[in-house]
file structure_34.cif (mmCIF, C-alpha atoms)
data_coords
loop_
_atom_site.label_atom_id
_atom_site.label_comp_id
_atom_site.auth_asym_id
_atom_site.auth_seq_id
_atom_site.Cartn_x
_atom_site.Cartn_y
_atom_site.Cartn_z
CA MET A 1 -135.16 -2.09 20.53
CA GLY A 2 -135.74 -5.87 20.65
CA THR A 3 -137.13 -5.88 17.14
CA HIS A 4 -134.21 -3.83 15.81
CA THR A 5 -131.68 -6.16 17.38
CA THR A 6 -133.37 -9.20 15.93
CA THR A 7 -133.34 -7.69 12.47
CA ASN A 8 -129.61 -6.95 12.64
CA SER A 9 -128.86 -10.49 13.80
CA THR A 10 -130.89 -11.92 10.97
CA SER A 11 -129.07 -9.68 8.48
CA ALA A 12 -125.72 -10.81 9.82
CA ILE A 13 -126.70 -14.45 9.47
CA ASP A 14 -127.97 -13.85 5.94
CA THR A 15 -124.73 -12.09 5.02
CA GLU A 16 -122.61 -14.98 6.29
CA GLN A 17 -124.74 -17.46 4.39
CA VAL A 18 -124.45 -15.45 1.17
CA THR A 19 -120.68 -15.17 1.64
CA ASP A 20 -120.23 -18.92 2.26
CA VAL A 21 -122.28 -20.15 -0.69
CA PRO A 22 -119.67 -19.70 -3.49
CA ALA A 23 -116.88 -21.56 -1.58
CA ALA A 24 -118.06 -25.04 -2.57
CA PRO A 25 -118.28 -24.28 -6.31
CA ARG A 26 -114.78 -22.75 -6.18
CA ARG A 27 -113.39 -25.87 -4.57
CA SER A 28 -115.14 -28.00 -7.21
CA ARG A 29 -113.65 -25.91 -10.01
CA ARG A 30 -110.18 -26.23 -8.52
CA ARG A 31 -110.56 -30.00 -8.29
CA LEU A 32 -111.76 -30.13 -11.89
CA VAL A 33 -108.79 -28.06 -13.10
CA LYS A 34 -106.38 -30.33 -11.20
CA ARG A 35 -107.99 -33.41 -12.74
CA ILE A 36 -107.77 -31.94 -16.24
CA LEU A 37 -104.13 -30.99 -15.73
CA GLY A 38 -103.36 -34.42 -14.31
CA ILE A 39 -105.03 -36.19 -17.21
CA GLY A 40 -103.19 -33.91 -19.65
CA ALA A 41 -99.82 -34.62 -18.01
CA LEU A 42 -100.55 -38.37 -17.98
CA SER A 43 -101.59 -38.31 -21.64
CA ALA A 44 -98.46 -36.36 -22.59
CA GLY A 45 -96.30 -38.81 -20.65
CA LEU A 46 -97.91 -41.81 -22.32
CA ALA A 47 -97.56 -40.20 -25.73
CA ALA A 48 -93.89 -39.43 -25.11
CA GLY A 49 -93.29 -42.94 -23.82
CA GLY A 50 -95.06 -44.45 -26.81
CA ALA A 51 -93.08 -42.27 -29.20
CA TYR A 52 -89.82 -43.29 -27.53
CA LEU A 53 -90.70 -46.99 -27.75
CA TRP A 54 -91.66 -46.60 -31.42
CA LEU A 55 -88.43 -44.76 -32.27
CA ASN A 56 -86.39 -47.34 -30.40
CA SER A 57 -88.11 -50.30 -32.06
CA THR A 58 -87.74 -48.86 -35.58
CA SER A 59 -84.06 -47.92 -35.33
CA ASP A 60 -82.62 -51.15 -36.71
CA VAL A 61 -79.37 -51.02 -38.66
CA ARG A 62 -78.92 -52.30 -42.19
CA GLN A 63 -75.15 -52.68 -41.90
CA ALA A 64 -74.91 -55.09 -38.99
CA GLY A 65 -71.50 -56.43 -40.01
CA ASN A 66 -70.10 -59.95 -39.99
CA PRO A 67 -69.16 -61.75 -36.75
CA ASP A 68 -66.41 -63.66 -38.62
CA CYS A 69 -63.36 -61.42 -39.00
CA ALA A 70 -61.78 -63.76 -41.54
CA ALA A 71 -64.88 -63.56 -43.77
CA VAL A 72 -64.60 -59.77 -44.18
CA THR A 73 -62.86 -58.72 -47.39
CA PRO A 74 -60.20 -56.15 -46.51
CA THR A 75 -59.36 -53.14 -48.65
CA GLY A 76 -55.98 -51.59 -49.36
CA ALA A 77 -54.05 -54.64 -50.63
CA PRO A 78 -52.73 -56.02 -47.33
CA ALA A 79 -49.40 -57.79 -47.16
CA ALA A 80 -49.43 -61.56 -47.28
CA ASP A 81 -51.07 -63.11 -44.20
CA ALA A 82 -51.65 -59.66 -42.64
CA HIS A 83 -55.44 -60.09 -42.62
CA ARG A 84 -55.20 -63.37 -40.71
CA GLN A 85 -52.74 -61.89 -38.21
CA VAL A 86 -54.93 -58.85 -37.52
CA CYS A 87 -57.94 -61.10 -36.91
CA ALA A 88 -55.81 -63.30 -34.62
CA THR A 89 -54.83 -60.29 -32.50
CA LEU A 90 -58.44 -59.24 -32.07
CA SER A 91 -59.49 -62.81 -31.30
CA THR A 92 -56.76 -63.10 -28.64
CA MET A 93 -57.95 -59.85 -27.08
CA THR A 94 -61.58 -61.05 -27.04
CA ASP A 95 -60.61 -64.38 -25.47
CA ALA A 96 -58.60 -62.61 -22.75
CA TRP A 97 -61.64 -60.47 -21.90
CA GLY A 98 -63.79 -63.60 -21.60
CA ARG A 99 -61.30 -65.08 -19.11
CA GLY A 100 -61.12 -61.82 -17.16
CA ASP A 101 -57.34 -61.81 -17.75
CA ALA A 102 -56.28 -58.15 -17.68
CA ASP A 103 -52.59 -58.90 -18.39
CA ALA A 104 -53.37 -60.99 -21.48
CA TYR A 105 -55.87 -58.35 -22.58
CA GLY A 106 -53.27 -55.61 -22.32
CA ALA A 107 -50.73 -57.69 -24.25
CA ALA A 108 -52.84 -57.15 -27.39
CA PHE A 109 -51.98 -53.42 -27.21
CA THR A 110 -48.77 -51.54 -27.85
CA GLU A 111 -46.84 -50.12 -24.90
CA ASP A 112 -48.00 -46.59 -25.76
CA ALA A 113 -51.53 -47.45 -26.86
CA THR A 114 -54.48 -45.13 -26.18
CA TYR A 115 -57.87 -46.47 -25.18
CA THR A 116 -61.09 -44.40 -25.03
CA THR A 117 -64.25 -45.96 -23.61
CA PHE A 118 -67.83 -45.07 -24.53
CA VAL A 119 -68.21 -43.13 -21.26
CA GLY A 120 -65.18 -41.01 -22.14
CA SER A 121 -62.55 -42.63 -19.90
CA HIS A 122 -59.18 -42.27 -21.65
CA TYR A 123 -56.37 -44.68 -20.81
CA GLN A 124 -52.82 -43.95 -21.93
CA GLY A 125 -50.35 -46.79 -22.27
CA ARG A 126 -50.57 -50.56 -21.78
CA ARG A 127 -50.07 -50.38 -18.01
CA ASP A 128 -52.98 -47.95 -17.65
CA ILE A 129 -55.19 -50.19 -19.81
CA VAL A 130 -54.25 -53.30 -17.82
CA GLU A 131 -54.84 -51.81 -14.37
CA GLY A 132 -58.10 -50.17 -15.44
CA HIS A 133 -59.42 -53.45 -16.82
CA ARG A 134 -58.17 -55.44 -13.85
CA ALA A 135 -60.55 -53.35 -11.75
CA LEU A 136 -63.35 -53.64 -14.33
CA PHE A 137 -63.01 -57.43 -14.60
CA ASP A 138 -63.31 -57.67 -10.81
CA GLY A 139 -66.21 -55.21 -10.71
CA PHE A 140 -68.69 -53.87 -13.28
CA LEU A 141 -67.61 -56.25 -16.05
CA LYS A 142 -67.04 -59.39 -14.01
CA ASP A 143 -67.92 -62.61 -15.90
CA THR A 144 -68.83 -60.75 -19.10
CA ARG A 145 -67.76 -61.63 -22.62
CA LEU A 146 -67.28 -59.58 -25.78
CA ALA A 147 -69.39 -59.81 -28.92
CA ASP A 148 -68.04 -58.32 -32.15
CA SER A 149 -69.38 -57.90 -35.66
CA TYR A 150 -66.92 -56.57 -38.23
CA LEU A 151 -67.96 -53.65 -40.42
CA GLY A 152 -64.71 -53.19 -42.29
CA ILE A 153 -60.96 -53.79 -42.37
CA ARG A 154 -58.72 -51.32 -44.19
CA PHE A 155 -54.96 -51.57 -44.67
CA TYR A 156 -52.73 -48.54 -45.19
CA GLY A 157 -49.43 -49.94 -46.30
CA PRO A 158 -47.81 -53.08 -44.91
CA THR A 159 -47.86 -52.06 -41.22
CA THR A 160 -51.15 -50.27 -40.47
CA ALA A 161 -54.75 -51.46 -40.37
CA ILE A 162 -58.04 -49.83 -39.30
CA VAL A 163 -60.77 -52.20 -38.12
CA THR A 164 -64.33 -50.99 -37.46
CA THR A 165 -66.78 -53.15 -35.54
CA ARG A 166 -70.11 -53.22 -33.80
CA GLY A 167 -69.69 -54.67 -30.33
CA ASP A 168 -71.06 -55.17 -26.86
CA THR A 169 -70.57 -57.07 -23.62
CA TYR A 170 -72.89 -59.87 -22.62
CA LYS A 171 -73.55 -62.71 -20.20
CA GLY A 172 -75.19 -65.95 -21.26
CA GLU A 173 -76.22 -66.08 -24.91
CA PRO A 174 -74.25 -63.85 -27.34
CA LYS A 175 -76.10 -60.90 -28.81
CA LYS A 176 -76.95 -60.83 -32.51
CA PRO A 177 -75.02 -58.37 -34.74
CA GLY A 178 -78.02 -56.04 -35.06
CA GLU A 179 -78.42 -55.89 -31.27
CA LEU A 180 -74.91 -54.66 -30.51
CA SER A 181 -75.07 -51.23 -28.90
CA LYS A 182 -71.60 -49.81 -29.55
CA VAL A 183 -69.32 -49.01 -32.49
CA GLN A 184 -65.55 -49.41 -32.15
CA THR A 185 -62.50 -48.36 -34.12
CA TYR A 186 -59.21 -50.24 -33.74
CA THR A 187 -55.95 -48.95 -35.18
CA LEU A 188 -53.45 -51.80 -35.41
CA ILE A 189 -49.78 -51.66 -36.37
CA ARG A 190 -47.23 -54.34 -37.23
CA GLN A 191 -44.35 -53.92 -34.84
CA ASP A 192 -40.68 -54.80 -35.26
CA ASP A 193 -41.17 -58.27 -33.76
CA GLY A 194 -43.68 -59.02 -36.52
CA GLN A 195 -46.71 -58.95 -34.19
CA TRP A 196 -49.79 -56.90 -34.93
CA ARG A 197 -50.95 -54.95 -31.87
CA ILE A 198 -53.59 -52.32 -31.17
CA ALA A 199 -52.14 -48.81 -31.02
CA ALA A 200 -55.44 -46.96 -30.52
CA PHE A 201 -58.98 -47.95 -29.62
CA HIS A 202 -62.12 -45.80 -29.52
CA ASN A 203 -65.54 -46.98 -28.38
CA THR A 204 -68.79 -45.11 -29.08
CA LYS A 205 -72.23 -45.81 -27.62
CA ARG A 206 -74.90 -45.92 -30.31
CA GLN A 207 -77.84 -43.71 -29.31
CA ARG A 208 -80.62 -45.58 -31.13
CA VAL A 209 -83.42 -43.06 -30.56
CA MET A 210 -81.32 -39.96 -31.28
CA GLU A 211 -80.00 -41.57 -34.47
CA ARG A 212 -83.57 -42.41 -35.58
CA ILE A 213 -84.74 -38.85 -34.87
CA SER A 214 -81.82 -37.46 -36.87
CA PHE A 215 -82.68 -39.65 -39.86
CA LEU A 216 -86.37 -38.70 -39.68
CA PHE A 217 -85.74 -34.96 -39.54
CA ASP A 218 -83.04 -34.98 -42.20
CA ALA A 219 -82.70 -38.08 -44.37
CA ASP A 220 -79.36 -36.79 -45.69
CA THR A 221 -77.76 -37.51 -42.34
CA ARG A 222 -78.23 -41.23 -42.92
CA PRO A 223 -74.96 -43.01 -43.83
CA GLU A 224 -74.79 -44.50 -47.30
CA ALA A 225 -74.70 -48.03 -45.92
CA GLU A 226 -77.94 -47.40 -43.98
CA LYS A 227 -79.99 -46.08 -46.95
#
call {"tool": "encode", "arguments": {"input": "structure_34.cif", "output": "structure tokens"}}
result
Amino acid sequence: MGTHTTTNSTSAIDTEQVTDVPAAPRRSRRRLVKRILGIGALSAGLAAGGAYLWLNSTSDVRQAGNPDCAAVTPTGAPAADAHRQVCATLSTMTDAWGRGDADAYGAAFTEDATYTTFVGSHYQGRRDIVEGHRALFDGFLKDTRLADSYLGIRFYGPTTAIVTTRGDTYKGEPKKPGELSKVQTYTLIRQDDGQWRIAAFHNTKRQRVMERISFLFDADTRPEAEK
């Protein structure tokens, strides 16, 4: 009986030892798989980050515009002195922004002007534009200035002009034309008092990387001025 009991105990011990042996290799394999997956995820992240930086750094524009409104040759045979007056309106607006003067800024717009920002906020009427910018000048845009570079000025008859610019806000040193991150369209009209004012404004954020990807995948999407 004693011998039989001893044999069973030994068998039980042997069985436990045999069962426990593979646990360590399994844990090692799991650690190895986790390391491989981690390295793969890190490599993919670095590759994606590098690709993003490359796309961003190679998305320069050819048509950067001209920061001097008066130096841009308008099209459409404007009326006498109309070009200078349009530039003066835009200059007055820019100066008002730099002073943080919402009332003077709004005075550059018609009473029923529309104003769409790059985030999609849509203001209707001068009062709406003034009050919205009063809050912005005291908040997000406090102490900022405007930088503009003019892409084109087109006149449609004696009382309507379309001005397209690259632009941005800044503090400190002005940004260079090629660094400006937004594209704007101004529709100006000559009103009965002889003053040119902005009737509609639309601001678009330039998505540098998405634009670059679009041009790489289909070169025909590139604007003529950027070829």
call {"tool": "residues_around", "arguments": {"input": "structure_34.cif", "residues": "Thr160 in chain A", "least_positions_apart": "4", "cutoff": "8 Å", "atoms": "only C-alpha atoms", "output": "CSV table (one decimal) with C-alpha atoms, in the coordinates of the input"}}
result
chain,number,residue,atom,x,y,z
A,155,PHE,CA,-55.0,-51.6,-44.7
A,156,TYR,CA,-52.7,-48.5,-45.2
A,187,THR,CA,-56.0,-49.0,-35.2
A,188,LEU,CA,-53.4,-51.8,-35.4
A,189,ILE,CA,-49.8,-51.7,-36.4
A,190,ARG,CA,-47.2,-54.3,-37.2
call {"tool": "atom_distance", "arguments": {"input": "structure_34.cif", "atom1": "CA of Ala44 in chain A", "atom2": "CA of Thr221 in chain A"}}
result
28.6 Å
call {"tool": "resolve_selection", "arguments": {"input": "structure_34.cif", "expression": "the PyMOL selection byres ((chain A and resi 191-196) around 10)", "output": "MDAnalysis selection string"}}
result
chainID A and resid 82 85:90 108:110 159:161 188:190 197:199
call {"tool": "resolve_selection", "arguments": {"input": "structure_34.cif", "expression": "the PyMOL selection byres ((chain A and resi 116) around 12)", "output": "ChimeraX atom specification"}}
result
/A:113-115,117-125,128-129,132,184-186,199-205
call {"tool": "closest_residue", "arguments": {"input": "structure_34.cif", "among": "A:Gly40, A:Gly152, A:Gly106, A:Gly98", "to": "Thr169 in chain A", "atoms": "all atoms listed in the file"}}
result
A:Gly98
call {"tool": "residues_near_point", "arguments": {"input": "structure_34.cif", "point": "(-61.1, -63.7, -26.2)", "cutoff": "10 Å", "atoms": "all atoms listed in the file", "output": "number ranges by chain"}}
result
A: 88-101, 104-105, 145-147
call {"tool": "closest_residue", "arguments": {"input": "structure_34.cif", "among": "A:Val130, A:Leu151, A:Leu216, A:Ile39", "to": "Cys69 in chain A", "atoms": "all atoms listed in the file"}}
result
A:Leu151
call {"tool": "axis_aligned_box", "arguments": {"input": "structure_34.cif", "around": "range 121-129 of chain A", "padding_each_side": "3 Å", "output": "JSON"}}
result
{"center_x": -56.3, "center_y": -46.4, "center_z": -20.0, "size_x": 18.5, "size_y": 14.3, "size_z": 10.6}
call {"tool": "residues_around", "arguments": {"input": "structure_34.cif", "residues": "Arg166 in chain A", "least_positions_apart": "5", "cutoff": "9 Å", "atoms": "only C-alpha atoms", "output": "MDAnalysis selection string"}}
result
chainID A and resid 64:65 147:151 177:178 180:184
call {"tool": "atom_distance", "arguments": {"input": "structure_34.cif", "atom1": "CA of Leu136 in chain A", "atom2": "CA of Gly167 in chain A"}}
result
17.2 Å
call {"tool": "atom_distance", "arguments": {"input": "structure_34.cif", "atom1": "CA of Lys176 in chain A", "atom2": "CA of Pro223 in chain A"}}
result
21.2 Å
call {"tool": "closest_residue", "arguments": {"input": "structure_34.cif", "among": "A:Arg62, A:Ala102, A:Val163, A:Ala135", "to": "Thr75 in chain A", "atoms": "all atoms listed in the file"}}
result
A:Val163
call {"tool": "closest_residue", "arguments": {"input": "structure_34.cif", "among": "A:Ile153, A:Leu141, A:Ala80, A:Leu37", "to": "Asp68 in chain A", "atoms": "all atoms listed in the file"}}
result
A:Ile153
call {"tool": "resolve_selection", "arguments": {"input": "structure_34.cif", "expression": "the PyMOL selection byres ((chain A and resi 171) around 6)", "output": "PDB file with C-alpha atoms, in the frame of the given file"}}
result
ATOM      1  CA  THR A 144     -68.830 -60.750 -19.100  1.00  0.00           C
ATOM      2  CA  TYR A 170     -72.890 -59.870 -22.620  1.00  0.00           C
ATOM      3  CA  GLY A 172     -75.190 -65.950 -21.260  1.00  0.00           C
TER       4      GLY A 172
END
